[in-house]
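Shown here: protein_32.cif, mmCIF, C-alpha atoms.
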```cif
data_my_file
loop_
_atom_site.label_atom_id
_atom_site.label_comp_id
_atom_site.auth_asym_id
_atom_site.auth_seq_id
_atom_site.Cartn_x
_atom_site.Cartn_y
_atom_site.Cartn_z
CA MET O 1 29.25 2.59 -44.44
CA ARG O 2 27.50 4.83 -41.91
CA LYS O 3 24.18 4.66 -43.82
CA LYS O 4 24.36 0.89 -43.92
CA SER O 5 24.91 0.77 -40.19
CA VAL O 6 21.90 3.00 -39.52
CA VAL O 7 19.71 0.92 -41.83
CA GLU O 8 20.82 -2.30 -40.16
CA ILE O 9 20.06 -0.88 -36.72
CA PHE O 10 16.66 0.28 -37.93
CA LEU O 11 15.83 -3.17 -39.35
CA VAL O 12 16.86 -4.86 -36.10
CA PHE O 13 14.67 -2.42 -34.18
CA ILE O 14 11.67 -3.16 -36.43
CA PHE O 15 12.27 -6.90 -36.06
CA LEU O 16 12.34 -6.63 -32.27
CA MET O 17 9.18 -4.52 -32.25
CA LEU O 18 7.35 -7.05 -34.40
CA THR O 19 8.63 -9.93 -32.29
CA ASN O 20 7.50 -8.27 -29.06
CA THR O 21 4.09 -7.48 -30.55
CA SER O 22 3.69 -11.06 -31.66
CA MET O 23 4.67 -12.39 -28.25
CA SER O 24 2.19 -10.12 -26.55
CA GLN O 25 -0.62 -11.28 -28.82
CA ASN O 26 0.18 -14.97 -28.41
CA GLY O 27 0.93 -14.87 -24.69
CA LYS O 28 -1.43 -15.05 -21.75
CA THR O 29 -2.52 -12.59 -19.10
CA ALA O 30 -2.52 -13.23 -15.37
CA LEU O 31 -4.12 -11.35 -12.49
CA LEU O 32 -1.81 -10.75 -9.52
CA LEU O 33 -3.66 -10.08 -6.26
CA ILE O 34 -1.04 -8.81 -3.84
CA ASP O 35 -1.39 -8.93 -0.05
CA PHE O 36 -5.15 -8.68 0.38
CA GLN O 37 -4.68 -9.82 3.97
CA TYR O 38 -6.72 -9.22 7.10
CA PHE O 39 -4.04 -7.21 8.89
CA TYR O 40 -4.65 -4.38 6.39
CA PHE O 41 -8.39 -4.18 7.05
CA GLU O 42 -10.42 -2.56 9.83
CA GLY O 43 -9.18 -3.73 13.20
CA GLY O 44 -6.02 -5.19 11.71
CA SER O 45 -2.52 -4.60 12.99
CA SER O 46 -1.59 -2.42 9.98
CA GLU O 47 -4.90 -0.89 8.92
CA LEU O 48 -4.95 0.97 5.59
CA GLU O 49 -7.15 3.73 4.21
CA ASN O 50 -10.20 2.28 2.41
CA PRO O 51 -9.01 -1.31 1.99
CA LEU O 52 -12.56 -2.65 1.69
CA PRO O 53 -13.50 -0.76 -1.53
CA ALA O 54 -10.16 -1.79 -3.02
CA SER O 55 -10.87 -5.44 -2.20
CA LEU O 56 -14.35 -5.24 -3.72
CA ASN O 57 -12.88 -3.93 -6.98
CA ALA O 58 -10.28 -6.68 -6.83
CA ALA O 59 -13.14 -9.16 -6.42
CA ARG O 60 -14.70 -7.87 -9.64
CA LEU O 61 -11.41 -8.37 -11.46
CA LEU O 62 -11.09 -11.84 -9.97
CA SER O 63 -14.56 -12.81 -11.19
CA HIS O 64 -13.69 -11.48 -14.65
CA PHE O 65 -10.51 -13.55 -14.85
CA ARG O 66 -12.22 -16.66 -13.55
CA GLU O 67 -15.03 -16.32 -16.09
CA LYS O 68 -12.50 -15.99 -18.91
CA GLY O 69 -10.47 -18.93 -17.63
CA GLU O 70 -7.34 -16.83 -17.30
CA TRP O 71 -4.54 -17.22 -14.79
CA VAL O 72 -4.93 -15.94 -11.24
CA VAL O 73 -2.12 -15.67 -8.70
CA HIS O 74 -2.74 -14.84 -5.05
CA ILE O 75 0.27 -13.41 -3.23
CA LYS O 76 0.47 -13.03 0.53
CA HIS O 77 3.17 -11.67 2.80
CA GLY O 78 4.22 -14.14 5.46
CA GLU O 79 2.31 -16.37 7.81
CA GLY O 80 0.84 -15.69 11.23
CA PRO O 81 -2.00 -13.74 12.90
CA GLN O 82 -4.32 -11.96 10.46
CA SER O 83 -2.19 -13.04 7.49
CA GLU O 84 -4.96 -14.99 5.77
CA ILE O 85 -6.22 -13.73 2.43
CA HIS O 86 -9.40 -11.67 2.83
CA GLU O 87 -12.68 -13.42 2.10
CA ASN O 88 -13.53 -10.93 -0.70
CA VAL O 89 -10.76 -12.40 -2.86
CA LYS O 90 -10.49 -15.85 -1.29
CA PRO O 91 -8.59 -18.30 -3.50
CA LEU O 92 -10.36 -21.24 -5.06
CA THR O 93 -8.91 -24.72 -4.94
CA GLY O 94 -6.26 -24.97 -7.62
CA GLU O 95 -5.48 -21.25 -7.85
CA LYS O 96 -1.83 -20.43 -7.32
CA ILE O 97 -0.90 -19.00 -3.90
CA ILE O 98 2.56 -17.58 -3.30
CA VAL O 99 3.82 -16.79 0.19
CA LYS O 100 6.56 -14.16 0.11
CA HIS O 101 8.81 -12.73 2.78
CA GLU O 102 10.16 -9.75 0.84
CA VAL O 103 8.57 -6.59 -0.54
CA ASN O 104 9.15 -7.75 -4.13
CA SER O 105 6.83 -10.65 -5.01
CA PHE O 106 9.42 -12.08 -7.42
CA LEU O 107 12.24 -12.18 -4.88
CA LYS O 108 12.91 -15.64 -3.38
CA THR O 109 9.63 -17.04 -4.76
CA ASP O 110 8.68 -19.14 -7.78
CA LEU O 111 6.47 -16.43 -9.28
CA PHE O 112 8.63 -15.78 -12.36
CA GLU O 113 9.04 -19.49 -13.06
CA TYR O 114 5.32 -20.11 -12.67
CA LEU O 115 4.38 -17.31 -15.06
CA SER O 116 7.00 -18.34 -17.59
CA GLU O 117 5.99 -22.00 -17.51
CA ASN O 118 2.40 -20.97 -18.27
CA GLN O 119 3.41 -18.60 -21.09
CA VAL O 120 2.14 -15.51 -19.29
CA ASP O 121 3.60 -12.28 -20.64
CA SER O 122 1.04 -9.70 -19.46
CA LEU O 123 0.07 -8.92 -15.87
CA VAL O 124 -2.83 -7.10 -14.28
CA LEU O 125 -1.73 -6.06 -10.80
CA CYS O 126 -3.63 -4.81 -7.77
CA GLY O 127 -3.14 -4.94 -4.04
CA MET O 128 -1.70 -3.52 -0.89
CA GLN O 129 0.14 -1.38 -0.18
CA THR O 130 0.23 0.78 -3.29
CA HIS O 131 3.60 2.33 -2.50
CA MET O 132 5.26 -0.87 -1.26
CA CYS O 133 4.52 -4.40 -2.43
CA LEU O 134 2.30 -3.37 -5.34
CA GLU O 135 4.91 -0.93 -6.62
CA ALA O 136 7.78 -3.37 -6.11
CA ALA O 137 6.00 -6.13 -8.02
CA THR O 138 5.14 -3.80 -10.88
CA ARG O 139 8.69 -2.50 -11.24
CA ALA O 140 10.16 -5.99 -11.06
CA ALA O 141 7.64 -7.36 -13.57
CA ALA O 142 8.41 -4.58 -16.04
CA ASP O 143 12.14 -5.20 -15.65
CA LEU O 144 11.53 -8.88 -16.39
CA GLY O 145 9.74 -8.01 -19.64
CA PHE O 146 6.10 -8.35 -18.68
CA VAL O 147 3.45 -5.97 -20.00
CA CYS O 148 1.99 -4.40 -16.85
CA ILE O 149 -1.43 -2.95 -16.09
CA VAL O 150 -2.15 -1.57 -12.62
CA ILE O 151 -5.74 -1.19 -11.41
CA ALA O 152 -5.69 2.01 -9.37
CA ASP O 153 -8.93 1.63 -7.42
CA ALA O 154 -8.13 -1.97 -6.48
CA CYS O 155 -5.15 -0.82 -4.41
CA ALA O 156 -4.86 0.84 -1.01
CA THR O 157 -2.26 2.41 1.23
CA LYS O 158 -1.96 4.55 4.37
CA ASP O 159 -0.60 7.83 5.71
CA LEU O 160 3.18 8.02 5.85
CA LYS O 161 5.47 10.08 8.03
CA TYR O 162 8.81 11.57 7.02
CA GLY O 163 10.46 13.58 9.74
CA ASP O 164 7.75 15.89 11.01
CA LYS O 165 5.79 15.71 7.74
CA ILE O 166 2.64 13.62 7.35
CA ILE O 167 1.82 12.52 3.80
CA ASN O 168 -1.81 11.49 3.59
CA ALA O 169 -2.78 8.17 2.08
CA GLU O 170 -4.45 9.69 -0.98
CA ASP O 171 -1.28 11.58 -1.89
CA VAL O 172 0.86 8.51 -1.29
CA HIS O 173 -1.47 6.46 -3.50
CA TYR O 174 -1.65 8.88 -6.43
CA SER O 175 2.00 9.91 -6.37
CA THR O 176 2.94 6.23 -6.58
CA LEU O 177 0.57 5.67 -9.49
CA ALA O 178 2.10 8.66 -11.26
CA THR O 179 5.52 7.00 -11.21
CA PHE O 180 4.19 3.98 -13.14
CA ARG O 181 3.80 5.86 -16.43
CA PRO O 182 7.11 4.77 -18.02
CA TYR O 183 6.49 1.06 -17.53
CA ALA O 184 2.82 0.33 -16.78
CA LYS O 185 -0.63 1.39 -17.87
CA VAL O 186 -2.98 2.47 -15.11
CA PHE O 187 -6.76 1.97 -15.25
CA ASN O 188 -9.64 2.00 -12.82
CA THR O 189 -11.67 -1.20 -12.57
CA ASP O 190 -14.62 0.07 -14.62
CA ALA O 191 -12.39 1.24 -17.47
CA TYR O 192 -10.42 -2.00 -17.55
CA LEU O 193 -13.52 -4.20 -17.59
CA LYS O 194 -15.32 -1.98 -20.10
CA ASN O 195 -12.42 -2.17 -22.54
CA GLY O 196 -12.63 -5.95 -22.37
CA GLU O 197 -8.93 -6.38 -21.71
#
```
Whole structure, structure tokens version:
Amino acid sequence: MRKKSVVEIFLVFIFLMLTNTSMSQNGKTALLLIDFQYFYFEGGSSELENPLPASLNAARLLSHFREKGEWVVHIKHGEGPQSEIHENVKPLTGEKIIVKHEVNSFLKTDLFEYLSENQVDSLVLCGMQTHMCLEAATRAAADLGFVCIVIADACATKDLKYGDKIINAEDVHYSTLATFRPYAKVFNTDAYLKNGE
């Protein structure tokens, strides 16, 4: 009886693995560009460390997705001064724009519904800030069953303070990326584009 139970569990596991693999192959991939807004750039109200290079790498990803005719979603946090999406990744007419008011891009928005309706099951994520909205979206997406890829050099963050300790932006950035390992793959832009994902 015990052996039968183990075999049955094993068969169910194999079935689920094959089903998930099939879904991934038949599904679509979308690029999520998170909070590339002017307030994070030089002279902005919440300036980050090296936001311009991150946006230029995001622009390369955006061009790649547009050329392939794949889904693109622009996400921005709130409305108001300097909240417009930066010109380097400016949306085209017809591209989806989601305005959020929470850290998590899926919370109180139609992002999940939009992706599901368009049969998207894999996400390429980049944006600002690495340790906040980018991380929150990646965690939420993984929990919702999406295959997640984060593009490390198309993200940016800033120095943080905890008590009397200052954590520099580079450490914040890379420590956040290190936490993605259980639920997301992490690539730089060159590696992602070279692999023809």
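Take atom CA of O:Glu49 and atom CA of O:Ile167: the distance between them is 12.6 Å.
Distances to O:Leu177 were evaluated for O:Leu107, O:Leu33, O:Ala54, O:Ile149 using all atoms listed in the file, and the minimum falls at O:Ile149.
This file gives the following result for the PyMOL selection byres ((chain O and resi 97) around 9): Val72, Val73, His74, Ile75, Lys76, Pro91, Gly94, Glu95, Lys96, Ile98 and Val99 of chain O.
Note that atom CA of O:Lys68 and atom CA of O:Ser55 are 19.8 Å apart.
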Can you spell out as a PDB file with C-alpha atoms, in the coordinates of the input the set of residues that the PyMOL selection byres ((chain O and resi 118-125) around 6) selects in the structure I just provided?
```
ATOM      1  CA  GLY O  27       0.930 -14.870 -24.690  1.00  0.00           C
ATOM      2  CA  LYS O  28      -1.430 -15.050 -21.750  1.00  0.00           C
ATOM      3  CA  THR O  29      -2.520 -12.590 -19.100  1.00  0.00           C
ATOM      4  CA  ALA O  30      -2.520 -13.230 -15.370  1.00  0.00           C
ATOM      5  CA  LEU O  31      -4.120 -11.350 -12.490  1.00  0.00           C
ATOM      6  CA  LEU O  32      -1.810 -10.750  -9.520  1.00  0.00           C
ATOM      7  CA  LEU O 115       4.380 -17.310 -15.060  1.00  0.00           C
ATOM      8  CA  SER O 116       7.000 -18.340 -17.590  1.00  0.00           C
ATOM      9  CA  GLU O 117       5.990 -22.000 -17.510  1.00  0.00           C
ATOM     10  CA  CYS O 126      -3.630  -4.810  -7.770  1.00  0.00           C
ATOM     11  CA  PHE O 146       6.100  -8.350 -18.680  1.00  0.00           C
ATOM     12  CA  VAL O 147       3.450  -5.970 -20.000  1.00  0.00           C
ATOM     13  CA  CYS O 148       1.990  -4.400 -16.850  1.00  0.00           C
ATOM     14  CA  ILE O 149      -1.430  -2.950 -16.090  1.00  0.00           C
ATOM     15  CA  VAL O 150      -2.150  -1.570 -12.620  1.00  0.00           C
TER      16      VAL O 150
END
```
Residues selected by the PyMOL selection byres ((chain O and resi 100) around 6), written as an MDAnalysis selection string: chainID O and resid 77:78 99 101:102
Do a neighbour search on O:Leu48 at 6 Å with only C-alpha atoms, toss out local chain neighbours closer than 5 positions, and write the hits as a PDB file with C-alpha atoms, in the frame of the given file.
```pdb
ATOM      1  CA  TYR O  40      -4.650  -4.380   6.390  1.00  0.00           C
ATOM      2  CA  THR O 157      -2.260   2.410   1.230  1.00  0.00           C
ATOM      3  CA  LYS O 158      -1.960   4.550   4.370  1.00  0.00           C
TER       4      LYS O 158
END
```
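Counting from atom CA of O:Tyr38, the distance to atom CA of O:Glu84 is 6.2 Å.
Each of O:Glu47, O:Glu79, O:Glu135, O:Glu42 was compared to O:Ser175 using only C-alpha atoms, and O:Glu135 turns out to be the nearest.
For the residues O:Ser105, O:Asn50, O:Asn88, O:Ser83, ranking by smallest atom-to-atom distance to O:Ser63 using all atoms listed in the file places O:Asn88 first.
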Give me the residues near O:Thr189 as an mmCIF file with C-alpha atoms, in the coordinates of the input, where near means some atom within 10 Å (using all atoms listed in the file) and where sequence neighbours in that chain fewer than 2 positions away do not count.
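And here is the file that came out, selection_27.cif:
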```cif
data_model
loop_
_atom_site.group_PDB
_atom_site.id
_atom_site.type_symbol
_atom_site.label_atom_id
_atom_site.label_comp_id
_atom_site.auth_asym_id
_atom_site.auth_seq_id
_atom_site.Cartn_x
_atom_site.Cartn_y
_atom_site.Cartn_z
ATOM 1 C CA ALA O 54 -10.160 -1.790 -3.020
ATOM 2 C CA ASN O 57 -12.880 -3.930 -6.980
ATOM 3 C CA ALA O 58 -10.280 -6.680 -6.830
ATOM 4 C CA ARG O 60 -14.700 -7.870 -9.640
ATOM 5 C CA LEU O 61 -11.410 -8.370 -11.460
ATOM 6 C CA VAL O 150 -2.150 -1.570 -12.620
ATOM 7 C CA ILE O 151 -5.740 -1.190 -11.410
ATOM 8 C CA ALA O 152 -5.690 2.010 -9.370
ATOM 9 C CA ASP O 153 -8.930 1.630 -7.420
ATOM 10 C CA ALA O 154 -8.130 -1.970 -6.480
ATOM 11 C CA VAL O 186 -2.980 2.470 -15.110
ATOM 12 C CA PHE O 187 -6.760 1.970 -15.250
ATOM 13 C CA ALA O 191 -12.390 1.240 -17.470
ATOM 14 C CA TYR O 192 -10.420 -2.000 -17.550
ATOM 15 C CA LEU O 193 -13.520 -4.200 -17.590
ATOM 16 C CA LYS O 194 -15.320 -1.980 -20.100
#
```
Of the listed residues O:Ala142, O:Val103, O:Leu134, O:Cys155, that which approaches O:Leu52 most closely, counting only C-alpha atoms: O:Cys155
Selection: 8 Å around O:Thr176, all atoms listed in the file, excl. self and same-chain fewer than 2 positions, as a PyMOL selection string: chain O and resi 130-131+135+172-174+178-180
Hey, could you patch up stretch 72-107 of chain O with N, CA and C atoms and hand it over as a CSV table (one decimal), in the coordinates of the input?
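Result file follows (out.csv):
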```csv
chain,number,residue,atom,x,y,z
O,72,VAL,N,-4.8,-16.8,-12.5
O,72,VAL,CA,-4.9,-15.9,-11.2
O,72,VAL,C,-3.8,-16.4,-10.3
O,73,VAL,N,-3.1,-15.4,-9.7
O,73,VAL,CA,-2.1,-15.7,-8.7
O,73,VAL,C,-2.4,-14.8,-7.5
O,74,HIS,N,-2.6,-15.5,-6.3
O,74,HIS,CA,-2.7,-14.8,-5.0
O,74,HIS,C,-1.4,-14.8,-4.4
O,75,ILE,N,-1.0,-13.6,-3.9
O,75,ILE,CA,0.3,-13.4,-3.2
O,75,ILE,C,0.0,-12.9,-1.8
O,76,LYS,N,0.6,-13.5,-0.8
O,76,LYS,CA,0.5,-13.0,0.5
O,76,LYS,C,1.8,-12.9,1.2
O,77,HIS,N,1.9,-11.9,2.1
O,77,HIS,CA,3.2,-11.7,2.8
O,77,HIS,C,3.2,-12.4,4.1
O,78,GLY,N,4.0,-13.5,4.2
O,78,GLY,CA,4.2,-14.1,5.5
O,78,GLY,C,3.1,-15.0,6.0
O,79,GLU,N,3.3,-15.6,7.1
O,79,GLU,CA,2.3,-16.4,7.8
O,79,GLU,C,2.1,-15.8,9.2
O,80,GLY,N,1.0,-16.2,9.9
O,80,GLY,CA,0.8,-15.7,11.2
O,80,GLY,C,-0.5,-15.0,11.4
O,81,PRO,N,-0.7,-14.4,12.6
O,81,PRO,CA,-2.0,-13.7,12.9
O,81,PRO,C,-2.4,-12.8,11.8
O,82,GLN,N,-3.7,-12.9,11.4
O,82,GLN,CA,-4.3,-12.0,10.5
O,82,GLN,C,-3.7,-12.0,9.1
O,83,SER,N,-2.9,-13.0,8.8
O,83,SER,CA,-2.2,-13.0,7.5
O,83,SER,C,-3.0,-13.8,6.4
O,84,GLU,N,-4.1,-14.3,6.8
O,84,GLU,CA,-5.0,-15.0,5.8
O,84,GLU,C,-5.5,-14.0,4.7
O,85,ILE,N,-5.7,-14.5,3.5
O,85,ILE,CA,-6.2,-13.7,2.4
O,85,ILE,C,-7.7,-13.4,2.7
O,86,HIS,N,-8.1,-12.1,2.5
O,86,HIS,CA,-9.4,-11.7,2.8
O,86,HIS,C,-10.5,-12.4,2.0
O,87,GLU,N,-11.6,-12.6,2.7
O,87,GLU,CA,-12.7,-13.4,2.1
O,87,GLU,C,-13.2,-12.8,0.8
O,88,ASN,N,-13.0,-11.5,0.5
O,88,ASN,CA,-13.5,-10.9,-0.7
O,88,ASN,C,-12.8,-11.4,-1.9
O,89,VAL,N,-11.6,-11.9,-1.7
O,89,VAL,CA,-10.8,-12.4,-2.9
O,89,VAL,C,-10.2,-13.8,-2.5
O,90,LYS,N,-10.9,-14.5,-1.8
O,90,LYS,CA,-10.5,-15.8,-1.3
O,90,LYS,C,-10.1,-16.8,-2.5
O,91,PRO,N,-9.0,-17.4,-2.4
O,91,PRO,CA,-8.6,-18.3,-3.5
O,91,PRO,C,-9.5,-19.5,-3.6
O,92,LEU,N,-9.7,-20.0,-4.8
O,92,LEU,CA,-10.4,-21.2,-5.1
O,92,LEU,C,-9.3,-22.4,-5.1
O,93,THR,N,-9.8,-23.6,-4.8
O,93,THR,CA,-8.9,-24.7,-4.9
O,93,THR,C,-8.3,-24.8,-6.3
O,94,GLY,N,-7.0,-24.9,-6.4
O,94,GLY,CA,-6.3,-25.0,-7.6
O,94,GLY,C,-5.6,-23.7,-8.1
O,95,GLU,N,-6.1,-22.5,-7.5
O,95,GLU,CA,-5.5,-21.2,-7.8
O,95,GLU,C,-4.1,-21.1,-7.1
O,96,LYS,N,-3.2,-20.5,-7.8
O,96,LYS,CA,-1.8,-20.4,-7.3
O,96,LYS,C,-1.8,-19.4,-6.1
O,97,ILE,N,-1.1,-19.9,-5.1
O,97,ILE,CA,-0.9,-19.0,-3.9
O,97,ILE,C,0.6,-19.0,-3.6
O,98,ILE,N,1.1,-17.8,-3.6
O,98,ILE,CA,2.6,-17.6,-3.3
O,98,ILE,C,2.7,-16.9,-2.0
O,99,VAL,N,3.5,-17.4,-1.1
O,99,VAL,CA,3.8,-16.8,0.2
O,99,VAL,C,5.2,-16.2,0.1
O,100,LYS,N,5.3,-14.9,0.2
O,100,LYS,CA,6.6,-14.2,0.1
O,100,LYS,C,7.0,-13.6,1.5
O,101,HIS,N,8.3,-13.3,1.5
O,101,HIS,CA,8.8,-12.7,2.8
O,101,HIS,C,9.6,-11.5,2.5
O,102,GLU,N,9.5,-11.0,1.3
O,102,GLU,CA,10.2,-9.8,0.8
O,102,GLU,C,9.1,-8.8,0.3
O,103,VAL,N,9.5,-7.6,0.1
O,103,VAL,CA,8.6,-6.6,-0.5
O,103,VAL,C,8.3,-7.0,-2.0
O,104,ASN,N,9.3,-7.4,-2.7
O,104,ASN,CA,9.2,-7.8,-4.1
O,104,ASN,C,8.6,-9.2,-4.2
O,105,SER,N,7.5,-9.3,-4.9
O,105,SER,CA,6.8,-10.6,-5.0
O,105,SER,C,7.7,-11.7,-5.8
O,106,PHE,N,8.6,-11.2,-6.6
O,106,PHE,CA,9.4,-12.1,-7.4
O,106,PHE,C,10.7,-12.6,-6.7
O,107,LEU,N,11.0,-11.9,-5.6
O,107,LEU,CA,12.2,-12.2,-4.9
O,107,LEU,C,12.1,-13.4,-4.0
```
